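Heads up, final_35.csv below (CSV, C-alpha atoms and all ligand atoms):
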```csv
chain,number,residue,atom,x,y,z
N,8,MET,CA,-7.3,17.0,7.8
N,9,THR,CA,-8.6,18.7,11.0
N,10,GLU,CA,-9.9,16.9,14.0
N,11,SER,CA,-13.5,18.1,13.4
N,12,GLU,CA,-13.4,16.7,9.9
N,13,SER,CA,-12.4,13.2,10.6
N,14,SER,CA,-13.5,10.8,13.3
N,15,THR,CA,-12.0,7.9,15.1
N,16,ASN,CA,-11.8,4.2,14.1
N,17,GLY,CA,-10.5,4.9,10.7
N,18,ILE,CA,-13.8,6.4,9.4
N,19,THR,CA,-13.4,9.6,7.4
N,20,HIS,CA,-16.5,11.8,7.2
N,21,ALA,CA,-17.1,14.4,4.4
N,22,ALA,CA,-15.9,17.9,5.0
N,23,ALA,CA,-18.5,20.5,5.9
N,24,GLY,CA,-18.2,22.1,2.5
N,25,SER,CA,-18.5,18.9,0.5
N,26,PRO,CA,-21.1,18.7,-2.2
N,27,PRO,CA,-24.1,16.4,-1.7
N,28,ALA,CA,-24.0,12.9,-3.0
N,29,PHE,CA,-25.0,12.6,-6.6
N,30,SER,CA,-28.4,11.2,-7.5
N,31,TRP,CA,-28.8,10.9,-11.3
N,32,ASP,CA,-32.5,10.5,-11.3
N,33,ASP,CA,-33.2,13.5,-9.0
N,34,TRP,CA,-30.7,15.5,-11.0
N,35,TYR,CA,-32.4,14.8,-14.3
N,36,ALA,CA,-35.8,15.4,-12.7
N,37,SER,CA,-34.6,18.8,-11.4
N,38,ILE,CA,-33.7,20.0,-14.8
N,39,GLY,CA,-36.7,18.7,-16.6
N,40,GLY,CA,-35.7,15.2,-17.3
N,41,ARG,CA,-33.1,13.5,-19.5
N,42,LYS,CA,-34.0,14.1,-23.1
N,43,ILE,CA,-31.3,12.0,-24.8
N,44,ASN,CA,-32.8,9.0,-26.6
N,45,ILE,CA,-30.1,7.0,-28.3
N,46,PRO,CA,-30.5,3.2,-28.4
N,47,GLU,CA,-26.7,2.6,-28.0
N,48,VAL,CA,-26.6,4.9,-24.9
N,49,ASP,CA,-29.6,3.1,-23.4
N,50,GLU,CA,-27.9,-0.2,-24.0
N,51,TYR,CA,-24.7,0.9,-22.1
N,52,LEU,CA,-26.8,2.3,-19.3
N,53,ASP,CA,-28.7,-1.0,-19.1
N,54,LYS,CA,-25.5,-3.0,-18.9
N,55,ILE,CA,-24.1,-0.7,-16.2
N,56,TYR,CA,-27.2,-0.8,-14.0
N,57,ASN,CA,-28.2,-4.4,-14.6
N,58,ASP,CA,-24.9,-6.2,-15.0
N,59,GLN,CA,-22.0,-4.1,-13.6
N,60,TYR,CA,-23.7,-3.0,-10.4
N,61,LEU,CA,-24.4,-6.6,-9.5
N,62,ARG,CA,-20.6,-7.3,-9.7
N,63,PHE,CA,-19.5,-4.5,-7.4
N,64,GLU,CA,-19.3,-6.8,-4.3
N,65,GLY,CA,-17.1,-9.9,-3.9
N,66,ASP,CA,-15.5,-12.2,-1.3
N,67,THR,CA,-12.2,-11.2,0.1
N,68,ALA,CA,-9.5,-13.9,0.4
N,69,ILE,CA,-8.8,-15.0,4.0
N,70,HIS,CA,-5.0,-15.0,3.5
N,71,LYS,CA,-3.6,-11.5,3.3
N,72,THR,CA,-0.7,-11.0,0.8
N,73,THR,CA,2.2,-9.1,2.4
N,74,PHE,CA,4.4,-6.8,0.4
N,75,ALA,CA,8.0,-5.8,0.9
N,76,ASN,CA,7.0,-2.2,1.2
N,77,PRO,CA,4.1,0.2,0.1
N,78,GLU,CA,6.0,1.0,-3.1
N,79,ALA,CA,5.9,-2.7,-4.2
N,80,ALA,CA,2.2,-2.8,-3.5
N,81,ALA,CA,1.6,0.4,-5.5
N,82,LYS,CA,3.7,-1.0,-8.4
N,83,LEU,CA,1.7,-4.3,-8.6
N,84,ILE,CA,-1.7,-2.5,-8.3
N,85,LYS,CA,-0.8,0.0,-11.1
N,86,GLU,CA,0.5,-2.8,-13.4
N,87,LYS,CA,-2.7,-4.7,-12.9
N,88,ALA,CA,-4.9,-1.7,-13.4
N,89,GLU,CA,-3.2,-1.1,-16.7
N,90,SER,CA,-3.6,-4.7,-17.7
N,91,PHE,CA,-7.3,-4.3,-17.0
N,92,GLY,CA,-7.5,-1.4,-19.4
N,93,ALA,CA,-6.5,1.8,-17.5
N,94,ASP,CA,-4.6,4.3,-19.6
N,95,ILE,CA,-3.6,6.3,-16.5
N,96,VAL,CA,-3.5,5.2,-12.9
N,97,GLY,CA,-2.5,7.0,-9.7
N,98,ILE,CA,-2.9,6.6,-5.9
N,99,CYS,CA,-3.8,9.1,-3.2
N,100,GLU,CA,-5.0,9.2,0.4
N,101,ILE,CA,-8.6,10.0,0.9
N,102,GLU,CA,-9.3,13.3,2.8
N,103,PRO,CA,-12.6,14.7,4.0
N,104,GLY,CA,-12.8,17.1,1.1
N,105,ASP,CA,-12.8,14.2,-1.3
N,106,ILE,CA,-16.0,12.7,0.1
N,107,TYR,CA,-19.6,13.5,-0.8
N,108,LYS,CA,-21.6,15.2,1.9
N,109,GLY,CA,-23.4,12.7,4.1
N,110,LYS,CA,-21.1,9.8,3.1
N,111,THR,CA,-18.4,8.2,5.3
N,112,VAL,CA,-15.5,6.2,4.0
N,113,THR,CA,-13.5,3.6,6.0
N,114,GLU,CA,-10.8,3.0,3.3
N,115,LYS,CA,-7.6,5.0,3.5
N,116,TYR,CA,-6.6,5.1,-0.2
N,117,ALA,CA,-8.1,5.7,-3.6
N,118,ILE,CA,-6.7,4.1,-6.7
N,119,ALA,CA,-7.8,6.5,-9.6
N,120,VAL,CA,-8.0,5.0,-13.1
N,121,GLY,CA,-8.5,6.9,-16.3
N,122,GLN,CA,-9.3,5.9,-19.8
N,123,ARG,CA,-9.0,8.1,-22.9
N,124,MET,CA,-11.9,8.8,-25.1
N,125,ARG,CA,-11.6,8.5,-28.8
N,126,TRP,CA,-11.0,11.8,-30.4
N,127,ARG,CA,-12.5,10.6,-33.6
N,128,ALA,CA,-15.9,10.5,-31.9
N,129,PHE,CA,-15.8,14.2,-31.0
N,130,GLN,CA,-15.4,15.6,-34.5
N,131,VAL,CA,-18.8,17.1,-34.1
N,132,VAL,CA,-20.1,18.2,-30.7
N,133,PRO,CA,-22.7,17.9,-29.4
N,134,SER,CA,-23.5,14.7,-31.3
N,135,LYS,CA,-24.9,11.3,-30.9
N,136,GLU,CA,-21.5,9.8,-31.7
N,137,ALA,CA,-19.9,11.8,-28.9
N,138,ALA,CA,-22.7,10.8,-26.5
N,139,ILE,CA,-22.2,7.1,-27.3
N,140,GLU,CA,-18.4,7.5,-26.8
N,141,CYS,CA,-19.0,9.0,-23.3
N,142,LEU,CA,-21.2,6.0,-22.3
N,143,ARG,CA,-18.8,3.5,-24.0
N,144,ILE,CA,-16.0,4.8,-21.8
N,145,TYR,CA,-18.1,4.7,-18.6
N,146,TYR,CA,-18.9,1.1,-19.3
N,147,THR,CA,-15.3,0.0,-20.1
N,148,LEU,CA,-14.0,2.0,-17.1
N,149,GLY,CA,-16.6,0.1,-15.0
N,150,GLU,CA,-15.1,-3.2,-16.2
N,151,THR,CA,-11.6,-2.0,-15.3
N,152,VAL,CA,-12.6,-0.9,-11.7
N,153,ILE,CA,-14.6,-4.1,-11.1
N,154,GLU,CA,-11.6,-6.3,-12.2
N,155,LEU,CA,-9.2,-4.3,-10.2
N,156,ALA,CA,-11.5,-4.6,-7.1
N,157,ASN,CA,-11.7,-8.4,-7.6
N,158,PHE,CA,-7.9,-8.5,-7.8
N,159,ILE,CA,-7.4,-6.5,-4.6
N,160,ARG,CA,-9.9,-8.8,-2.8
N,161,SER,CA,-7.9,-11.9,-4.0
N,162,LEU,CA,-4.9,-10.3,-2.2
N,163,GLY,CA,-6.9,-10.4,1.1
N,164,TYR,CA,-7.9,-6.7,1.2
N,165,ASP,CA,-11.4,-5.3,1.3
N,166,CYS,CA,-12.2,-2.6,-1.2
N,167,LYS,CA,-15.0,-0.7,-2.8
N,168,VAL,CA,-15.8,0.1,-6.5
N,169,GLU,CA,-16.4,3.8,-7.2
N,170,HIS,CA,-18.0,3.7,-10.6
N,171,PRO,CA,-17.6,6.7,-12.9
N,172,ILE,CA,-21.4,7.1,-12.9
N,173,GLY,CA,-23.7,6.3,-10.1
N,174,ASP,CA,-23.7,6.7,-6.3
N,175,SER,CA,-20.0,7.3,-5.6
N,176,ASP,CA,-18.7,8.0,-2.1
N,177,VAL,CA,-15.8,10.0,-3.4
N,178,LEU,CA,-15.4,12.9,-5.8
N,179,HIS,CA,-13.4,11.8,-8.9
N,180,VAL,CA,-11.9,15.2,-9.7
N,181,PRO,CA,-10.1,15.9,-6.4
N,182,ILE,CA,-9.0,12.3,-6.3
N,183,GLY,CA,-7.6,12.5,-9.8
N,184,LEU,CA,-5.8,15.8,-9.1
N,185,LYS,CA,-4.1,14.3,-6.0
N,186,ALA,CA,-3.3,11.2,-7.9
N,187,GLY,CA,-1.2,13.3,-10.3
N,188,PHE,CA,-3.5,13.1,-13.3
N,189,GLY,CA,-3.1,16.7,-14.3
N,190,GLU,CA,-4.4,20.2,-13.5
N,191,LEU,CA,-7.9,21.6,-13.3
N,192,GLY,CA,-8.9,23.4,-16.5
N,193,ARG,CA,-11.1,26.4,-17.0
N,194,HIS,CA,-13.8,24.0,-18.2
N,195,GLY,CA,-13.8,22.2,-14.8
N,196,SER,CA,-12.3,19.0,-16.1
N,197,ILE,CA,-8.8,17.7,-15.4
N,198,ILE,CA,-6.3,18.2,-18.1
N,199,HIS,CA,-3.6,15.5,-18.4
N,200,PRO,CA,-0.3,16.7,-19.8
N,201,LYS,CA,-0.5,14.1,-22.6
N,202,LEU,CA,-4.1,13.1,-22.9
N,203,GLY,CA,-5.6,16.6,-22.5
N,204,PRO,CA,-9.1,16.5,-20.9
N,205,LEU,CA,-10.5,13.8,-23.2
N,206,PHE,CA,-10.6,11.0,-20.6
N,207,ARG,CA,-12.9,9.8,-17.9
N,208,MET,CA,-12.2,8.5,-14.4
N,209,GLY,CA,-13.3,5.9,-11.9
N,210,SER,CA,-11.6,4.5,-8.8
N,211,VAL,CA,-11.3,1.7,-6.3
N,212,ILE,CA,-10.9,2.6,-2.6
N,213,THR,CA,-9.1,0.3,-0.2
N,214,SER,CA,-6.8,0.3,2.9
N,215,LEU,CA,-4.1,-1.9,1.3
N,216,PRO,CA,-1.0,0.1,2.3
N,217,MET,CA,0.4,1.7,-0.9
N,218,ALA,CA,2.8,4.5,-1.8
N,219,ILE,CA,0.9,7.5,-3.0
N,220,ASP,CA,1.3,9.9,-5.9
N,221,HIS,CA,1.3,13.7,-5.8
N,222,PRO,CA,-0.4,16.6,-7.6
N,223,ILE,CA,1.6,18.0,-10.5
N,224,ASP,CA,2.3,21.5,-11.8
N,225,ALA,CA,3.0,21.2,-15.5
N,226,GLY,CA,2.0,24.8,-16.2
N,227,ILE,CA,-1.5,23.9,-17.5
N,228,ALA,CA,-3.4,26.1,-15.1
N,229,LYS,CA,-1.3,29.0,-16.1
N,230,PHE,CA,-1.9,28.2,-19.8
N,231,CYS,CA,-5.7,28.3,-19.1
N,232,ASP,CA,-5.3,31.9,-17.9
N,233,ASN,CA,-4.3,32.9,-21.4
N,234,CYS,CA,-6.5,30.6,-23.4
N,235,ARG,CA,-10.3,30.9,-23.7
N,236,ALA,CA,-11.2,28.4,-26.3
N,237,CYS,CA,-13.6,26.4,-24.1
N,238,ARG,CA,-15.3,29.6,-22.9
N,239,ILE,CA,-15.8,30.9,-26.4
N,240,TYR,CA,-17.1,27.6,-27.8
N,241,CYS,CA,-19.4,26.6,-24.8
N,242,PRO,CA,-22.8,26.7,-26.3
N,243,ALA,CA,-24.4,27.4,-22.9
N,244,LYS,CA,-22.0,30.2,-22.0
N,245,ALA,CA,-21.4,28.4,-18.7
N,246,ILE,CA,-17.6,28.7,-18.6
N,247,PRO,CA,-16.3,31.8,-16.8
N,248,ASP,CA,-13.9,34.5,-17.9
N,249,GLU,CA,-12.2,34.9,-14.6
N,250,ARG,CA,-11.2,32.8,-11.6
N,251,ASN,CA,-13.5,33.1,-8.6
N,252,ALA,CA,-12.1,33.5,-5.1
N,253,ALA,CA,-15.4,32.3,-3.6
N,254,ALA,CA,-15.2,29.0,-5.5
N,255,GLY,CA,-12.2,27.7,-3.4
N,256,LYS,CA,-8.7,26.8,-4.4
N,257,ASP,CA,-7.4,24.2,-6.8
N,258,HIS,CA,-4.5,21.9,-5.7
N,259,LEU,CA,-2.0,24.5,-6.7
N,260,GLY,CA,-3.6,27.2,-4.6
N,261,ASN,CA,-5.1,29.1,-7.5
N,262,ASP,CA,-8.7,30.4,-7.2
N,263,ARG,CA,-10.9,28.0,-9.2
N,264,TYR,CA,-12.7,28.7,-12.4
N,265,GLN,CA,-16.3,28.0,-11.5
N,266,VAL,CA,-18.4,26.5,-14.3
N,267,ASP,CA,-22.1,27.7,-14.1
N,268,THR,CA,-23.8,24.4,-13.6
N,269,GLY,CA,-27.1,26.1,-13.8
N,270,LYS,CA,-26.4,26.7,-17.4
N,271,CYS,CA,-24.3,23.7,-18.3
N,272,PHE,CA,-26.4,20.9,-16.8
N,273,PRO,CA,-29.7,21.6,-18.5
N,274,TYR,CA,-27.8,22.0,-21.8
N,275,PHE,CA,-25.8,18.8,-21.2
N,276,ALA,CA,-28.9,16.8,-20.4
N,277,THR,CA,-30.7,17.9,-23.5
N,278,HIS,CA,-27.9,18.0,-26.1
N,279,TYR,CA,-26.2,14.6,-26.1
N,280,TYR,CA,-24.1,15.2,-23.0
N,281,CYS,CA,-22.7,18.2,-24.8
N,282,SER,CA,-19.0,17.7,-24.1
N,283,ALA,CA,-18.0,20.6,-26.5
N,284,CYS,CA,-15.6,22.0,-24.0
N,285,LEU,CA,-13.4,18.8,-24.1
N,286,PRO,CA,-12.5,18.5,-27.8
N,287,VAL,CA,-12.1,22.2,-28.4
N,288,CYS,CA,-9.6,22.4,-25.5
N,289,VAL,CA,-6.3,23.2,-27.1
N,290,TYR,CA,-4.6,20.9,-24.6
N,291,ASN,CA,-3.5,18.6,-26.4
N,292,HIS,CA,-4.5,18.2,-30.0
N,293,LYS,CA,-1.2,16.7,-31.0
N,294,GLU,CA,-1.8,13.6,-28.9
N,295,TRP,CA,-5.3,13.2,-30.1
N,296,ALA,CA,-4.3,13.4,-33.8
N,297,LYS,CA,-2.7,10.0,-33.3
N,298,ASP,CA,-6.2,8.6,-33.1
N,299,PHE,CA,-7.1,9.2,-36.7
N,300,GLU,CA,-5.6,6.3,-38.6
N,301,GLY,CA,-8.2,5.4,-41.1
N,302,PHE,CA,-10.6,8.1,-39.8
N,303,GLU,CA,-11.2,11.5,-41.2
N,304,THR,CA,-10.2,14.3,-38.8
N,305,LYS,CA,-10.2,18.1,-39.0
N,306,LEU,CA,-8.1,18.5,-35.9
N,307,PHE,CA,-10.6,20.9,-34.6
N,308,PRO,CA,-14.2,19.8,-34.0
N,309,LYS,CA,-17.3,21.3,-35.5
N,310,VAL,CA,-19.2,22.8,-32.6
N,311,ILE,CA,-22.9,23.1,-33.1
N,312,MET,CA,-23.9,26.3,-31.3
N,313,GLU,CA,-27.2,28.0,-31.0
N,314,ASP,CA,-25.4,31.4,-30.9
N,315,PRO,CA,-22.2,32.1,-32.7
N,316,PRO,CA,-19.1,32.9,-30.5
N,317,PRO,CA,-18.4,36.5,-29.9
N,318,PRO,CA,-15.8,38.0,-32.3
N,319,ALA,CA,-12.3,37.9,-30.9
N,320,ASP,CA,-12.2,41.7,-31.2
N,321,ASP,CA,-14.5,41.9,-28.1
N,322,ILE,CA,-11.7,40.3,-25.9
N,323,ALA,CA,-9.5,42.9,-24.3
N,324,ALA,CA,-6.0,43.0,-25.7
N,325,GLU,CA,-4.4,42.1,-22.4
N,326,LYS,CA,-6.6,38.9,-22.2
N,327,ARG,CA,-5.8,37.6,-25.6
N,328,HIS,CA,-3.3,34.8,-26.0
N,329,GLU,CA,-0.8,35.7,-28.7
N,330,TYR,CA,0.9,32.9,-30.4
N,331,PRO,CA,4.4,33.8,-31.7
N,332,ARG,CA,4.4,34.1,-35.5
N,333,LEU,CA,6.4,31.4,-37.2
N,334,LYS,CA,8.8,32.4,-39.9
N,335,ARG,CA,8.7,29.8,-42.6
F,401,LIG,S1,-20.5,20.4,-21.3
F,401,LIG,FE1,-21.1,21.9,-22.9
F,401,LIG,S2,-22.5,23.3,-21.7
F,401,LIG,FE2,-21.3,22.3,-20.2
F,401,LIG,S3,-19.5,23.6,-19.9
F,401,LIG,FE3,-18.9,22.1,-21.5
F,401,LIG,S4,-19.3,23.1,-23.4
F,401,LIG,FE4,-20.4,24.2,-21.8
F,402,LIG,S1,-9.6,25.4,-23.9
F,402,LIG,FE1,-7.9,26.6,-23.1
F,402,LIG,S2,-8.8,27.7,-21.3
F,402,LIG,FE2,-10.2,26.0,-21.8
F,402,LIG,S3,-9.5,24.4,-20.4
F,402,LIG,FE3,-8.5,24.1,-22.4
F,402,LIG,S4,-6.5,25.1,-22.2
F,402,LIG,FE4,-7.8,25.8,-20.5
```

Let me see the file written as structure tokens.
Amino acid sequence: MTESESSTNGITHAAAGSPPAFSWDDWYASIGGRKINIPEVDEYLDKIYNDQYLRFEGDTAIHKTTFANPEAAAKLIKEKAESFGADIVGICEIEPGDIYKGKTVTEKYAIAVGQRMRWRAFQVVPSKEAAIECLRIYYTLGETVIELANFIRSLGYDCKVEHPIGDSDVLHVPIGLKAGFGELGRHGSIIHPKLGPLFRMGSVITSLPMAIDHPIDAGIAKFCDNCRACRIYCPAKAIPDERNAAAGKDHLGNDRYQVDTGKCFPYFATHYYCSACLPVCVYNHKEWAKDFEGFETKLFPKVIMEDPPPPADDIAAEKRHEYPRLKR
């Protein structure tokens, strides 16, 4: 963090290059409006805006619980987050680059929580079923971060809910990367070594002193360089072939893959939140296959595309990923 990026009194300002804060209504208006009319989706949105938002605030206990050390505090917080429904949880310090432009944050730490989405709902993409699953997980994640925030307040520490959708102060992806959730995939989502990219994130920010986690290098970014499944199957052709030096670096120092949001967002808003790049991601179908007790699965989703993918012959030989042949 440089001096010009942060200010005094424990207030952290957004870095100069941070993206502007997200406004869903303006965003949908800018791309011609949201054209997804699914009663179950509307029901979840209604519950998020008219019930969960009202529970973001709460009273902080006067007595402050003290911990033997930051590790003990982190352990308790993580156990609680899991008991409230988190599948993965990690902690990081908030830096200027993690904050939306125009926002300031007084809290020092972010507790990132993730919940896996059900693979069985992504057997066909884009689809109503996949769209409902996206909203279901936003709702249940909302419950998890609200409960976690209430718990932290009961320990005598202020905190703030950063809901997975809505007006967040912090960017979930850099927070999740620093909290050790995984690596940034070609499709712009974090890939967890076990869950793959089929999960969503929210967070709670607080100054309760806690031990932090660290980014991981599990070889996933390198794997992406040889795999192009998401790029081939993206119906909007929004996923790039090459890394782009102008898009900045990921947490491992690689140039980032930059998804063309000008192509993705309008498609996403008019095709059931699309999400095709997540279930086709080959990282990690084995784990997802555990989700099919009692449900039919093909282990690779049917992707509804307006144009067929280009034949593999068009991909230069040096860019193909060759799987070793198995002798049976
Ligand atoms: S959400 Fe759909 S359009 Fe957007 S990058 Fe993924 S596959 Fe492409
Ligand atoms: S489909 Fe392949 S290239 Fe795309 S994010 Fe997943 S592993 Fe990376």

Atom pair CA of Asn251 (chain N) / CA of Arg238 (chain N): separation (Å): 14.8 Å

Residues contacting ligand LIG 401 (chain F) - anything with an atom at most 6 Å away, using only C-alpha atoms and all ligand atoms - can you give me those as a PDB file with C-alpha atoms, keeping the file's coordinate frame?
```pdb
ATOM      1  CA  HIS N 194     -13.800  24.000 -18.200  1.00  0.00           C
ATOM      2  CA  CYS N 241     -19.400  26.600 -24.800  1.00  0.00           C
ATOM      3  CA  PRO N 242     -22.800  26.700 -26.300  1.00  0.00           C
ATOM      4  CA  ALA N 243     -24.400  27.400 -22.900  1.00  0.00           C
ATOM      5  CA  ALA N 245     -21.400  28.400 -18.700  1.00  0.00           C
ATOM      6  CA  ILE N 246     -17.600  28.700 -18.600  1.00  0.00           C
ATOM      7  CA  CYS N 271     -24.300  23.700 -18.300  1.00  0.00           C
ATOM      8  CA  TYR N 274     -27.800  22.000 -21.800  1.00  0.00           C
ATOM      9  CA  PHE N 275     -25.800  18.800 -21.200  1.00  0.00           C
ATOM     10  CA  CYS N 281     -22.700  18.200 -24.800  1.00  0.00           C
ATOM     11  CA  SER N 282     -19.000  17.700 -24.100  1.00  0.00           C
ATOM     12  CA  ALA N 283     -18.000  20.600 -26.500  1.00  0.00           C
ATOM     13  CA  CYS N 284     -15.600  22.000 -24.000  1.00  0.00           C
TER      14      CYS N 284
END
```

Closest contacts (chain N/ligand LIG 402 (chain F), max 7 Å, all atoms listed in the file) as a tab-separated table:
```
residue	atom	partner	partner_atom	distance
N:Gly192	CA	F:LIG402	S3	4.1
N:Arg193	CA	F:LIG402	S3	4.3
N:His194	CA	F:LIG402	S3	4.8
N:Ile227	CA	F:LIG402	S4	7.0
N:Ala228	CA	F:LIG402	FE4	7.0
N:Phe230	CA	F:LIG402	S4	6.0
N:Cys231	CA	F:LIG402	FE4	3.6
N:Asp232	CA	F:LIG402	S2	6.4
N:Asn233	CA	F:LIG402	S2	6.9
N:Cys234	CA	F:LIG402	FE1	4.2
N:Arg235	CA	F:LIG402	S2	4.3
N:Ala236	CA	F:LIG402	S1	4.2
N:Cys237	CA	F:LIG402	FE2	4.1
N:Arg238	CA	F:LIG402	FE2	6.3
N:Cys284	CA	F:LIG402	S1	6.9
N:Val287	CA	F:LIG402	S1	6.1
N:Cys288	CA	F:LIG402	S1	3.4
N:Val289	CA	F:LIG402	S1	5.1
N:Tyr290	CA	F:LIG402	S4	5.2
```

Could you give me, as a PDB file with C-alpha atoms, keeping the file's coordinate frame, the residues that have an atom at most 7 Å away from the point (-20.4, 8.8, -3.2) in the coordinates of the file, using all atoms listed in the file?
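For reference, result_21.pdb as written:
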```pdb
ATOM      1  CA  ALA N  28     -24.000  12.900  -3.000  1.00  0.00           C
ATOM      2  CA  PHE N  29     -25.000  12.600  -6.600  1.00  0.00           C
ATOM      3  CA  ILE N 106     -16.000  12.700   0.100  1.00  0.00           C
ATOM      4  CA  TYR N 107     -19.600  13.500  -0.800  1.00  0.00           C
ATOM      5  CA  LYS N 110     -21.100   9.800   3.100  1.00  0.00           C
ATOM      6  CA  ASP N 174     -23.700   6.700  -6.300  1.00  0.00           C
ATOM      7  CA  SER N 175     -20.000   7.300  -5.600  1.00  0.00           C
ATOM      8  CA  ASP N 176     -18.700   8.000  -2.100  1.00  0.00           C
ATOM      9  CA  VAL N 177     -15.800  10.000  -3.400  1.00  0.00           C
ATOM     10  CA  LEU N 178     -15.400  12.900  -5.800  1.00  0.00           C
TER      11      LEU N 178
END
```

Contact residues around Ile219 (chain N) with only C-alpha atoms at 12 Å, ignoring same-chain residues under 4 positions, as a PyMOL selection string: chain N and resi 77-82+84-85+96-101+115-119+182-183+185-187+215

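Once Val310 (chain N) and its same-chain neighbours fewer than 2 positions away are set aside, Val131, Val132, Pro133, Tyr240, Ala283, Pro308 and Met312 of chain N remain within 8 Å of it when counting all atoms listed in the file.
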
Pick from N:Lys297, N:Ser214, N:Pro286, N:Gly195, whichever lies nearest to Arg250 (chain N) using all atoms listed in the file: N:Gly195

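Proximity of N:Leu162, N:Ala276, N:Leu142, N:Val211 to Val120 (chain N), computed with all atoms listed in the file, is greatest for N:Val211.
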
Counting all atoms listed in the file, the option among N:Lys201, N:His278, N:Lys167, N:Arg127 closest to Val112 (chain N): N:Lys167

One-decimal distance in Å that lies between CA of Arg160 (chain N) and CA of Thr213 (chain N): 9.5 Å

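Ranking N:Gly17, N:Gly92, N:Pro181, N:Gly209 by their shortest atom-to-atom distance to His258 (chain N), with all atoms listed in the file included, puts N:Pro181 first.
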
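The nearest approach to Tyr279 (chain N) among the residues N:Ser210, N:Ser134, N:Thr304, N:Asn261, with only C-alpha atoms taken into account, belongs to N:Ser134.
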